[in-house]
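Trainee: Below is the file input06.txt, which contains compact mmCIF, C-alpha atoms and all ligand atoms.
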```txt
# COMPACT_ATOMS: atom_id res chain seq x y z
CA MET A 242 30.89 -11.94 -12.60
CA PRO A 243 33.22 -10.05 -10.27
CA THR A 244 36.02 -11.96 -8.65
CA SER A 245 35.11 -12.40 -5.05
CA SER A 246 36.32 -14.29 -2.06
CA TYR A 247 33.99 -16.99 -0.86
CA PHE A 248 33.86 -18.15 2.67
CA THR A 249 31.73 -20.96 3.89
CA ILE A 250 30.43 -20.97 7.38
CA LEU A 251 29.49 -24.20 9.02
CA SER A 252 26.79 -23.43 11.47
CA ASN A 253 27.92 -25.10 14.66
CA SER A 254 25.58 -23.47 17.11
CA CYS A 255 23.02 -26.20 16.77
CA LEU A 256 23.73 -29.90 16.91
CA VAL A 257 20.76 -30.82 14.75
CA LEU A 258 21.89 -28.55 11.96
CA LEU A 259 25.45 -29.77 12.32
CA PHE A 260 24.20 -33.29 11.90
CA GLN A 261 22.40 -32.32 8.74
CA ALA A 262 25.59 -30.70 7.49
CA PHE A 263 23.81 -27.53 6.70
CA PHE A 264 26.05 -25.01 5.01
CA ILE A 265 25.58 -21.39 4.37
CA SER A 266 27.86 -19.78 1.90
CA ILE A 267 28.19 -16.08 1.81
CA ALA A 268 30.14 -14.41 -0.90
CA ALA A 269 31.33 -10.90 -0.46
CA SER A 270 30.87 -8.78 -3.53
CA SER A 271 31.43 -5.21 -4.45
CA ASP A 272 29.11 -5.36 -7.46
CA ARG A 273 25.59 -4.65 -6.27
CA HIS A 274 24.05 -6.03 -9.47
CA THR A 275 25.20 -9.55 -8.82
CA PRO A 276 23.39 -11.31 -6.02
CA GLU A 277 26.32 -13.13 -4.53
CA ASN A 278 24.47 -13.84 -1.34
CA HIS A 279 23.00 -17.25 -1.41
CA ILE A 280 21.54 -19.98 0.70
CA ARG A 281 22.06 -23.64 -0.02
CA THR A 282 19.35 -26.27 0.30
CA ARG A 283 19.88 -29.50 2.23
CA ALA A 284 20.50 -32.51 0.02
CA GLY A 285 17.28 -34.29 -0.88
CA ALA A 286 15.12 -32.06 1.31
CA PRO A 287 12.66 -29.35 0.29
CA PHE A 288 13.64 -25.77 1.08
CA LYS A 289 11.45 -24.39 3.82
CA VAL A 290 10.96 -20.75 4.80
CA ALA A 291 9.06 -19.32 7.79
CA LEU A 292 7.69 -15.78 7.54
CA PHE A 293 7.62 -13.78 10.78
CA ALA A 294 5.41 -10.76 10.25
CA ASP A 295 4.52 -7.82 12.48
CA LEU A 296 6.31 -8.79 15.68
CA HIS A 297 6.15 -5.21 17.01
CA PHE A 298 8.81 -5.58 19.69
CA GLY A 299 9.43 -2.73 22.13
CA GLU A 300 5.84 -1.61 22.64
CA ASN A 301 5.21 0.44 25.80
CA ALA A 302 8.46 -0.67 27.43
CA TRP A 303 7.67 1.58 30.43
CA THR A 304 4.73 -0.66 31.41
CA ASP A 305 4.56 -4.31 32.54
CA TRP A 306 2.34 -5.12 29.57
CA GLY A 307 4.87 -4.25 26.83
CA PRO A 308 7.77 -6.56 27.72
CA LYS A 309 5.26 -9.40 28.32
CA GLN A 310 4.12 -9.16 24.70
CA ASP A 311 7.71 -9.55 23.53
CA VAL A 312 8.11 -12.68 25.66
CA ASN A 313 4.91 -14.05 24.09
CA SER A 314 6.18 -13.26 20.59
CA ILE A 315 9.39 -15.16 21.32
CA LYS A 316 7.23 -18.13 22.35
CA VAL A 317 5.33 -18.01 19.03
CA MET A 318 8.54 -17.93 17.00
CA SER A 319 10.16 -20.68 19.08
CA SER A 320 7.12 -22.92 18.70
CA VAL A 321 7.02 -22.42 14.91
CA LEU A 322 10.77 -22.93 14.52
CA ASP A 323 10.72 -26.13 16.58
CA THR A 324 7.73 -27.65 14.76
CA GLU A 325 8.68 -26.66 11.22
CA THR A 326 12.52 -26.56 11.46
CA PRO A 327 12.73 -24.17 8.47
CA ASP A 328 15.95 -23.63 6.49
CA PHE A 329 15.41 -19.90 6.39
CA VAL A 330 13.37 -17.17 8.06
CA VAL A 331 12.07 -13.92 6.58
CA TYR A 332 11.35 -11.06 8.98
CA LEU A 333 8.61 -9.36 7.02
CA GLY A 334 8.67 -5.89 8.62
CA ASP A 335 7.33 -4.17 11.72
CA VAL A 336 9.90 -6.07 13.73
CA VAL A 337 9.78 -3.21 16.25
CA THR A 338 7.26 -0.49 17.12
CA ALA A 339 9.63 2.46 16.90
CA ASN A 340 6.91 5.01 17.61
CA ASN A 341 7.03 3.61 21.18
CA ILE A 342 10.84 3.66 21.43
CA PRO A 343 12.01 7.03 22.78
CA ILE A 344 15.77 6.72 22.26
CA ALA A 345 18.13 5.17 19.73
CA ASN A 346 17.97 1.69 21.23
CA ALA A 347 15.58 0.00 18.78
CA SER A 348 18.39 -2.36 17.72
CA LEU A 349 18.24 -3.92 21.19
CA TYR A 350 14.60 -4.89 20.56
CA TRP A 351 15.42 -5.92 16.99
CA ASP A 352 18.06 -8.20 18.42
CA GLN A 353 15.53 -9.82 20.78
CA ALA A 354 13.20 -10.40 17.84
CA ILE A 355 15.82 -12.26 15.79
CA SER A 356 17.23 -14.18 18.75
CA PRO A 357 14.99 -17.31 18.46
CA THR A 358 16.13 -17.78 14.84
CA ARG A 359 19.77 -17.01 15.58
CA SER A 360 19.93 -19.31 18.60
CA ARG A 361 18.79 -22.22 16.40
CA GLY A 362 21.49 -21.52 13.82
CA ILE A 363 18.96 -20.66 11.10
CA PRO A 364 19.89 -17.93 8.57
CA TRP A 365 17.41 -15.13 7.92
CA ALA A 366 16.72 -11.94 5.99
CA SER A 367 14.63 -8.92 6.94
CA VAL A 368 12.71 -6.10 5.30
CA PHE A 369 11.42 -2.90 6.85
CA GLY A 370 7.83 -2.10 7.72
CA ASN A 371 6.23 1.24 8.45
CA HIS A 372 6.83 0.96 12.21
CA ASP A 373 10.53 0.07 12.21
CA ASP A 374 11.78 3.66 12.00
CA ALA A 375 8.55 5.50 12.89
CA PRO A 376 9.20 8.72 14.87
CA PHE A 377 8.61 8.51 18.62
CA GLU A 378 5.09 9.50 19.69
CA TRP A 379 4.86 11.03 23.15
CA PRO A 380 2.41 9.11 25.34
CA MET A 381 -0.17 11.43 26.93
CA GLU A 382 0.35 9.79 30.34
CA TRP A 383 3.94 11.12 30.40
CA PHE A 384 2.43 14.57 30.90
CA ALA A 385 0.48 13.50 33.99
CA ALA A 386 1.76 13.50 37.58
CA SER A 387 3.99 10.44 37.17
CA GLY A 388 5.89 12.26 34.41
CA ILE A 389 8.45 10.92 31.95
CA PRO A 390 9.94 7.54 33.00
CA GLN A 391 13.68 7.54 33.61
CA LEU A 392 15.63 7.08 30.39
CA VAL A 393 18.42 4.54 30.48
CA CYS A 394 20.75 5.34 27.61
CA PRO A 395 22.58 2.63 25.68
CA VAL A 396 26.24 2.45 26.74
CA LEU A 397 27.45 3.24 23.23
CA ASN A 398 25.70 6.58 23.14
CA SER A 399 26.96 9.65 24.92
CA GLY A 400 24.55 11.52 27.16
CA GLU A 401 23.83 14.03 24.46
CA GLU A 402 22.84 11.41 21.90
CA CYS A 403 20.37 9.95 24.37
CA SER A 404 17.71 12.39 23.36
CA PHE A 405 14.29 11.68 21.90
CA ARG A 406 15.64 10.48 18.61
CA GLY A 407 14.97 7.01 17.25
CA THR A 408 17.06 4.52 15.29
CA SER A 409 17.22 4.99 11.52
CA ARG A 410 16.65 2.27 8.93
CA LEU A 411 20.36 2.45 8.05
CA GLU A 412 21.43 2.02 11.68
CA LEU A 413 19.00 -0.85 12.23
CA MET A 414 20.26 -2.66 9.16
CA LYS A 415 23.91 -1.97 9.95
CA ASN A 416 23.49 -3.32 13.48
CA GLU A 417 21.79 -6.47 12.22
CA MET A 418 24.41 -7.12 9.53
CA ASP A 419 27.45 -6.26 11.63
CA ASN A 420 26.48 -8.49 14.53
CA ASN A 421 25.05 -11.56 12.81
CA VAL A 422 26.88 -13.92 10.46
CA LEU A 423 23.54 -15.68 9.89
CA SER A 424 21.86 -12.52 8.59
CA LEU A 425 21.66 -12.32 4.80
CA SER A 426 19.95 -8.92 4.95
CA LYS A 427 21.47 -6.07 2.99
CA SER A 428 21.34 -2.32 2.84
CA GLY A 429 20.42 -1.95 -0.79
CA PRO A 430 21.83 0.41 -3.40
CA GLN A 431 22.15 4.00 -2.24
CA ASP A 432 20.24 5.31 -5.27
CA LEU A 433 17.12 3.62 -3.90
CA TRP A 434 17.15 5.65 -0.67
CA PRO A 435 15.19 6.34 1.48
CA GLY A 436 14.24 2.69 0.84
CA ILE A 437 16.91 0.50 2.41
CA SER A 438 15.92 -3.19 2.44
CA ASN A 439 16.23 -3.78 -1.33
CA TYR A 440 18.25 -6.85 -2.29
CA VAL A 441 18.18 -10.31 -3.90
CA LEU A 442 19.19 -13.71 -2.54
CA GLN A 443 19.50 -16.91 -4.45
CA VAL A 444 18.67 -20.35 -3.16
CA LEU A 445 21.11 -22.88 -4.57
CA SER A 446 20.36 -26.55 -4.63
CA LYS A 447 22.92 -28.91 -3.19
CA GLU A 448 22.74 -31.14 -6.26
CA LYS A 449 23.04 -28.46 -8.95
CA PRO A 450 25.21 -25.85 -7.23
CA HIS A 451 25.27 -23.43 -10.17
CA THR A 452 21.59 -23.25 -11.09
CA PRO A 453 19.49 -21.34 -8.57
CA LEU A 454 16.38 -23.14 -7.39
CA VAL A 455 14.62 -19.84 -6.77
CA TYR A 456 15.41 -16.14 -6.42
CA LEU A 457 14.16 -14.23 -3.38
CA TYR A 458 13.67 -10.47 -3.87
CA PHE A 459 13.25 -8.12 -0.93
CA LEU A 460 11.83 -4.61 -1.34
CA ASP A 461 11.34 -1.77 1.13
CA SER A 462 7.69 -0.66 0.90
CA GLY A 463 8.34 2.48 2.91
CA GLY A 464 6.39 4.07 5.73
CA GLY A 465 7.63 5.45 9.06
CA THR A 466 9.90 8.33 8.12
CA TYR A 467 8.73 8.53 4.49
CA PRO A 468 5.61 7.66 2.42
CA GLU A 469 4.32 4.08 2.14
CA VAL A 470 5.35 3.36 -1.42
CA ILE A 471 7.63 1.34 -3.68
CA SER A 472 9.29 3.97 -5.86
CA THR A 473 9.78 4.01 -9.61
CA ALA A 474 13.51 3.74 -8.90
CA GLN A 475 12.91 0.51 -6.97
CA ALA A 476 10.66 -0.84 -9.74
CA ASP A 477 13.36 -0.03 -12.33
CA TRP A 478 15.98 -1.65 -10.13
CA PHE A 479 13.89 -4.82 -9.89
CA LYS A 480 13.33 -4.88 -13.66
CA HIS A 481 17.00 -4.34 -14.39
CA ILE A 482 18.40 -6.83 -11.91
CA SER A 483 15.84 -9.58 -12.63
CA GLU A 484 16.46 -9.31 -16.40
CA GLU A 485 20.17 -9.43 -15.77
CA ILE A 486 20.32 -12.43 -13.43
CA ASN A 487 17.33 -14.34 -14.81
CA PRO A 488 17.06 -13.16 -18.45
CA ASP A 489 14.87 -15.92 -19.80
CA SER A 490 12.70 -16.14 -16.66
CA ARG A 491 13.78 -19.73 -16.19
CA VAL A 492 14.29 -19.53 -12.43
CA PRO A 493 11.14 -19.00 -10.33
CA GLU A 494 11.06 -15.80 -8.29
CA LEU A 495 9.42 -14.88 -4.96
CA ILE A 496 8.93 -11.33 -3.72
CA PHE A 497 8.82 -10.05 -0.14
CA TRP A 498 7.82 -6.64 1.19
CA HIS A 499 5.74 -5.30 4.07
CA ILE A 500 2.80 -3.15 2.93
CA PRO A 501 0.32 -4.63 0.42
CA SER A 502 0.26 -2.88 -2.96
CA LYS A 503 -3.02 -1.54 -4.35
CA ALA A 504 -3.37 -4.74 -6.40
CA TYR A 505 -4.23 -6.57 -3.16
CA LYS A 506 -7.42 -4.50 -2.97
CA LYS A 507 -8.49 -5.72 -6.39
CA VAL A 508 -8.28 -9.40 -5.45
CA ALA A 509 -9.45 -9.15 -1.81
CA PRO A 510 -12.34 -11.50 -0.94
CA LYS A 511 -15.52 -9.55 -0.03
CA PHE A 512 -16.71 -11.48 3.03
CA ARG A 513 -15.92 -15.17 3.25
CA ILE A 514 -12.70 -16.37 1.70
CA HIS A 515 -13.67 -18.50 -1.28
CA LYS A 516 -11.83 -20.22 -4.13
CA PRO A 517 -9.53 -19.41 -5.81
CA CYS A 518 -8.45 -17.50 -2.66
CA VAL A 519 -7.19 -19.55 0.26
CA GLY A 520 -6.96 -18.35 3.85
CA SER A 521 -8.66 -18.31 7.24
CA ILE A 522 -9.19 -14.69 8.30
CA ASN A 523 -10.53 -11.77 6.29
CA LYS A 524 -11.28 -9.39 9.15
CA GLU A 525 -10.37 -5.97 7.77
CA LYS A 526 -9.85 -3.89 4.66
CA VAL A 527 -6.55 -4.07 2.82
CA ALA A 528 -4.44 -1.13 4.06
CA ALA A 529 -2.53 -0.60 0.82
CA GLN A 530 0.49 1.51 -0.09
CA GLU A 531 -0.23 5.16 -0.84
CA ALA A 532 0.60 4.98 -4.54
CA GLU A 533 1.47 2.55 -7.29
CA MET A 534 4.66 3.54 -9.10
CA GLY A 535 5.06 0.61 -11.47
CA ILE A 536 6.30 -2.44 -9.58
CA MET A 537 3.09 -4.46 -10.09
CA LYS A 538 3.09 -3.89 -13.86
CA ILE A 539 6.60 -5.30 -14.03
CA LEU A 540 5.80 -8.27 -11.78
CA VAL A 541 2.70 -9.43 -13.70
CA LYS A 542 4.71 -9.39 -16.94
CA ARG A 543 7.36 -11.77 -15.59
CA PRO A 544 6.24 -15.39 -15.86
CA SER A 545 8.89 -16.40 -13.33
CA VAL A 546 7.34 -14.34 -10.51
CA LYS A 547 5.20 -16.79 -8.56
CA ALA A 548 4.09 -14.85 -5.49
CA VAL A 549 4.35 -11.68 -3.41
CA PHE A 550 4.28 -11.93 0.39
CA VAL A 551 3.34 -9.03 2.66
CA GLY A 552 2.39 -8.44 6.31
CA HIS A 553 0.96 -5.16 7.67
CA ASN A 554 -2.73 -6.20 7.91
CA HIS A 555 -2.88 -8.32 11.08
CA GLY A 556 -6.44 -9.46 10.35
CA LEU A 557 -5.76 -10.92 6.90
CA ASP A 558 -3.95 -14.15 6.05
CA TRP A 559 -5.18 -15.08 2.56
CA CYS A 560 -3.53 -15.76 -0.77
CA CYS A 561 -5.37 -14.78 -3.97
CA PRO A 562 -4.29 -15.12 -7.60
CA TYR A 563 -3.51 -11.93 -9.56
CA GLY A 564 -2.68 -12.63 -13.19
CA GLN A 565 -0.14 -15.44 -13.23
CA LEU A 566 1.08 -14.80 -9.71
CA TRP A 567 -0.25 -15.01 -6.16
CA LEU A 568 -0.70 -12.15 -3.74
CA CYS A 569 -0.34 -13.49 -0.21
CA PHE A 570 -0.54 -12.13 3.28
CA ALA A 571 1.67 -13.67 5.93
CA ARG A 572 0.11 -14.21 9.36
CA HIS A 573 0.42 -11.87 12.34
CA THR A 574 3.22 -13.51 14.34
CA GLY A 575 3.77 -11.03 17.16
CA TYR A 576 1.83 -10.20 20.31
CA GLY A 577 2.71 -6.57 19.68
CA GLY A 578 0.54 -4.50 17.37
CA TYR A 579 -3.24 -4.32 17.04
CA GLY A 580 -5.60 -7.29 16.94
CA ASN A 581 -6.08 -10.44 18.98
CA TRP A 582 -6.36 -12.99 16.20
CA ALA A 583 -4.39 -16.11 17.10
CA ARG A 584 -0.71 -15.85 16.17
CA GLY A 585 1.07 -17.90 13.57
CA SER A 586 3.50 -17.95 10.69
CA ARG A 587 3.14 -18.53 6.96
CA ILE A 588 5.43 -21.33 5.82
CA LEU A 589 6.72 -21.77 2.26
CA GLU A 590 8.04 -25.07 0.99
CA ILE A 591 9.93 -25.28 -2.28
CA ASN A 592 10.42 -28.70 -3.82
CA GLU A 593 12.99 -29.24 -6.50
CA ARG A 594 11.87 -32.30 -8.47
CA PRO A 595 9.23 -31.85 -9.62
CA PHE A 596 9.34 -28.13 -8.92
CA SER A 597 6.57 -26.84 -6.67
CA ILE A 598 5.97 -24.08 -4.16
CA SER A 599 3.43 -24.80 -1.48
CA SER A 600 2.43 -22.79 1.56
CA TRP A 601 0.45 -23.17 4.75
CA ILE A 602 0.00 -21.37 8.05
CA ARG A 603 1.45 -22.88 11.20
CA MET A 604 -0.21 -21.57 14.34
CA GLU A 605 1.35 -21.01 17.73
CA ASP A 606 -0.62 -23.99 19.10
CA GLY A 607 0.85 -26.27 16.43
CA SER A 608 -2.23 -26.50 14.19
CA VAL A 609 -1.96 -26.05 10.41
CA HIS A 610 -4.43 -24.52 7.95
CA SER A 611 -4.81 -22.72 4.63
CA GLU A 612 -2.61 -25.03 2.58
CA VAL A 613 -2.17 -23.76 -0.99
CA ILE A 614 -0.06 -24.61 -4.05
CA LEU A 615 1.56 -21.45 -5.45
CA SER A 616 3.19 -22.86 -8.57
C1 LIG A 701 15.51 1.41 25.68
O1 LIG A 701 15.46 2.61 26.38
C2 LIG A 701 14.27 2.82 27.15
C3 LIG A 701 14.29 4.23 27.70
O2 LIG A 701 15.33 4.39 28.60
C4 LIG A 701 14.21 1.77 28.24
O3 LIG A 701 13.00 1.92 28.97
C5 LIG A 701 14.26 0.38 27.61
O4 LIG A 701 14.33 -0.59 28.60
C6 LIG A 701 15.48 0.26 26.67
N1 LIG A 701 15.36 -1.01 25.96
C7 LIG A 701 16.21 -2.00 26.06
C8 LIG A 701 15.87 -3.24 25.26
O5 LIG A 701 17.21 -1.98 26.74
```
Please lay out the structure from this file as structure tokens.
Ligand SMILES: *[C@@H]1O[C@H](CO)[C@@H](O)[C@H](O)[C@H]1NC(C)=O

Mentor:
Amino acid sequence: MPTSSYFTILSNSCLVLLFQAFFISIAASSDRHTPENHIRTRAGAPFKVALFADLHFGENAWTDWGPKQDVNSIKVMSSVLDTETPDFVVYLGDVVTANNIPIANASLYWDQAISPTRSRGIPWASVFGNHDDAPFEWPMEWFAASGIPQLVCPVLNSGEECSFRGTSRLELMKNEMDNNVLSLSKSGPQDLWPGISNYVLQVLSKEKPHTPLVYLYFLDSGGGTYPEVISTAQADWFKHISEEINPDSRVPELIFWHIPSKAYKKVAPKFRIHKPCVGSINKEKVAAQEAEMGIMKILVKRPSVKAVFVGHNHGLDWCCPYGQLWLCFARHTGYGGYGNWARGSRILEINERPFSISSWIRMEDGSVHSEVILS
């Protein structure tokens, strides 16, 4: 263990959380192999996580329609956060639709997307989807009589930088981390580039502060500026780090990335969702990663890995078993992106004694469905 300076932040932005004496401890570390970043559970309470998938902020900002979708997405998140009061939020990729964002101001939309979580004093982590750094696509209507809408450049950028160049994964992540003490996101090891959102967090229980309750692994499944894939280097990184921090597989592990792996195709329900799968919509084909470079083989061999959570397919929200683990879709949370299926959020609840992981989907209108036990 490296020597590191700990600092504990008492979240004081929300009276409710203050009352519950909710602490987040962040430890700064220079050793990337040791997941010093951790979240602490509340005494005697289960640990609850809300997954916000496919928000797609910043769509068609030059129309009235686009900004309205972002307002609607904020309403979905606010409703879920107020009904479930989770301890933690995972932004599961496609936070923004960068192919609609002409200049390097995607972080402004990213910031809007995380604002409902931040304003409630809830810590979060994010992974990238295939739209977050997608290159700008010129709309055909910009070549008609009305022409290109006026570009308002961010103050930070000089006139020259305000050209048709988007915001990179590194910049997005840097902006999130630099400006948010509640963000536990990380720019992962440089040898995993171009994948950026590769890191581990541990959830520590209040009662047993030195034994993690669960490990949360985040992986960048690519897309946008590079192929949709989890590389061999990322798979090796996962294998190495999980064996190092959890050698005997004693601590349960949960995995988060954006694009379903090919294994999701193998377990996908054909028409209706039937046991052992659990879910409510099965409206499209699994749009899987382009290649399988080894991560799934490693995951199925680790008894501690309980489930993988992905977004990407807005018309799917099921969980199906795959070997000893579960492959789950989140639920389309945003009003941006394709599809008009009702919006919601997959919730995870981790109980300590006896240990269990359960999950359900909380809809924007407050209803709940698709409850499933994942451990
Ligand atoms: C980002 O820049 C575009 C182009 O100038 C502008 O239309 C949009 O309002 C900007 N977004 C934000 C959130 O400021």

Trainee: Nearest to ligand LIG 701 (chain A) among A:Pro390, A:Pro453, A:Gly285, A:Gly429, with distances taken over only C-alpha atoms and all ligand atoms: which residue is it?

Mentor: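 The answer is A:Pro390, which sits nearest to ligand LIG 701 (chain A).
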
Trainee: Return as JSON, numbers by chain every polymer residue, whether protein, DNA or RNA, with at least one atom no more than 7 Å from an atom of ligand LIG 701 (chain A); count only C-alpha atoms and all ligand atoms.

Mentor: {"A": [302, 303, 342, 343, 344, 346, 349, 350, 391, 392, 393, 394]}

Trainee: Write out, as CSV, each residue of segment 494-608 of chain A that has an atom at most 9 Å from segment 362-375 of chain A, together with the closest pair of atoms and their distance in Å to one decimal, counting only C-alpha atoms, rows going by chain and rising number.

Mentor:
```
residue,atom,partner,partner_atom,distance
A:Phe497,CA,A:Val368,CA,7.8
A:Trp498,CA,A:Val368,CA,6.4
A:His499,CA,A:Gly370,CA,5.3
A:Ile500,CA,A:Gly370,CA,7.0
A:Gly552,CA,A:Gly370,CA,8.5
A:His553,CA,A:Gly370,CA,7.5
```

Trainee: Restricting the calculation to all atoms listed in the file, which member of A:Ser404, A:Thr338, A:Ser490, A:Ser360 is positioned closest to Ile315 of chain A?

Mentor: A:Ser360

Trainee: Let me know the centre plus edge lengths, in Å and rounded to one decimal, of a box with edges along x, y and z that contains all listed atoms of segment 472-484 of chain A and is padded by 8 Å on every side, as AutoDock Vina command-line options.

Mentor:
```
--center_x 13.8 --center_y -2.8 --center_z -11.1 --size_x 25.1 --size_y 29.6 --size_z 26.5
```

Trainee: Quick one: everything within 12 Å of Ser462 of chain A, counting only C-alpha atoms, minus sequence neighbours fewer than 3 positions away in the same chain. Send it as JSON, numbers by chain.

Mentor: {"A": [333, 334, 335, 368, 369, 370, 371, 372, 373, 433, 434, 435, 436, 437, 438, 439, 459, 465, 466, 467, 468, 469, 470, 471, 472, 473, 475, 476, 496, 497, 498, 499, 500, 501, 502, 503, 529, 530, 531, 532, 533, 534, 536, 550, 551, 552, 553]}

Trainee: For Arg491 of chain A, which residue out of A:Ile614, A:Ala504, A:Val546, A:Val330 is the nearest one, using all atoms listed in the file?

Mentor: A:Val546

Trainee: Excluding Pro450 of chain A and any residue of its chain fewer than 3 positions from it, enumerate the residues within 12 Å of it, using all atoms listed in the file, and give them as a VMD selection string.

Mentor: chain A and resid 266 279 to 284 443 to 447 453 to 454

Trainee: Quick check, in Å to one decimal: how far apart do atom CA of Thr574 of chain A and atom CA of Asn523 of chain A lie?

Mentor: 16.0 Å

Trainee: Can you fill out segment 336-343 of chain A with all heavy atoms and hand it back as a compact mmCIF listing (two decimals), in the coordinates of the input?

Mentor:
```
# COMPACT_ATOMS: atom_id res chain seq x y z
N VAL A 336 9.20 -5.26 12.73
CA VAL A 336 9.90 -6.07 13.73
C VAL A 336 9.81 -5.35 15.08
O VAL A 336 9.62 -5.97 16.12
CB VAL A 336 11.38 -6.26 13.29
CG1 VAL A 336 12.19 -6.99 14.36
CG2 VAL A 336 11.45 -7.00 11.96
N VAL A 337 9.91 -4.02 15.03
CA VAL A 337 9.78 -3.21 16.25
C VAL A 337 8.69 -2.14 16.05
O VAL A 337 8.32 -1.84 14.92
CB VAL A 337 11.12 -2.52 16.63
CG1 VAL A 337 12.20 -3.56 16.92
CG2 VAL A 337 11.59 -1.56 15.54
N THR A 338 8.20 -1.62 17.16
CA THR A 338 7.26 -0.49 17.12
C THR A 338 8.02 0.75 17.54
O THR A 338 8.02 1.14 18.70
CB THR A 338 6.05 -0.73 18.05
OG1 THR A 338 5.37 -1.93 17.63
CG2 THR A 338 5.06 0.43 18.02
N ALA A 339 8.71 1.36 16.57
CA ALA A 339 9.63 2.46 16.90
C ALA A 339 8.91 3.70 17.42
O ALA A 339 9.51 4.49 18.15
CB ALA A 339 10.47 2.81 15.68
N ASN A 340 7.63 3.84 17.09
CA ASN A 340 6.91 5.01 17.61
C ASN A 340 6.70 4.92 19.13
O ASN A 340 6.26 5.86 19.76
CB ASN A 340 5.57 5.21 16.88
CG ASN A 340 4.86 3.93 16.53
OD1 ASN A 340 5.46 3.04 15.92
ND2 ASN A 340 3.62 3.82 16.92
N ASN A 341 7.05 3.78 19.73
CA ASN A 341 7.03 3.61 21.18
C ASN A 341 8.44 3.62 21.77
O ASN A 341 8.62 3.38 22.95
CB ASN A 341 6.37 2.28 21.57
CG ASN A 341 4.86 2.31 21.52
OD1 ASN A 341 4.23 1.33 21.92
ND2 ASN A 341 4.26 3.40 21.04
N ILE A 342 9.45 3.80 20.95
CA ILE A 342 10.84 3.66 21.43
C ILE A 342 11.49 5.05 21.45
O ILE A 342 11.84 5.59 20.40
CB ILE A 342 11.63 2.66 20.55
CG1 ILE A 342 10.88 1.29 20.54
CG2 ILE A 342 13.05 2.49 21.05
CD1 ILE A 342 11.50 0.23 19.65
N PRO A 343 11.64 5.63 22.67
CA PRO A 343 12.01 7.03 22.78
C PRO A 343 13.46 7.35 22.39
O PRO A 343 13.74 8.48 22.00
CB PRO A 343 11.77 7.35 24.25
CG PRO A 343 11.77 6.04 24.96
CD PRO A 343 11.31 5.02 23.96
```
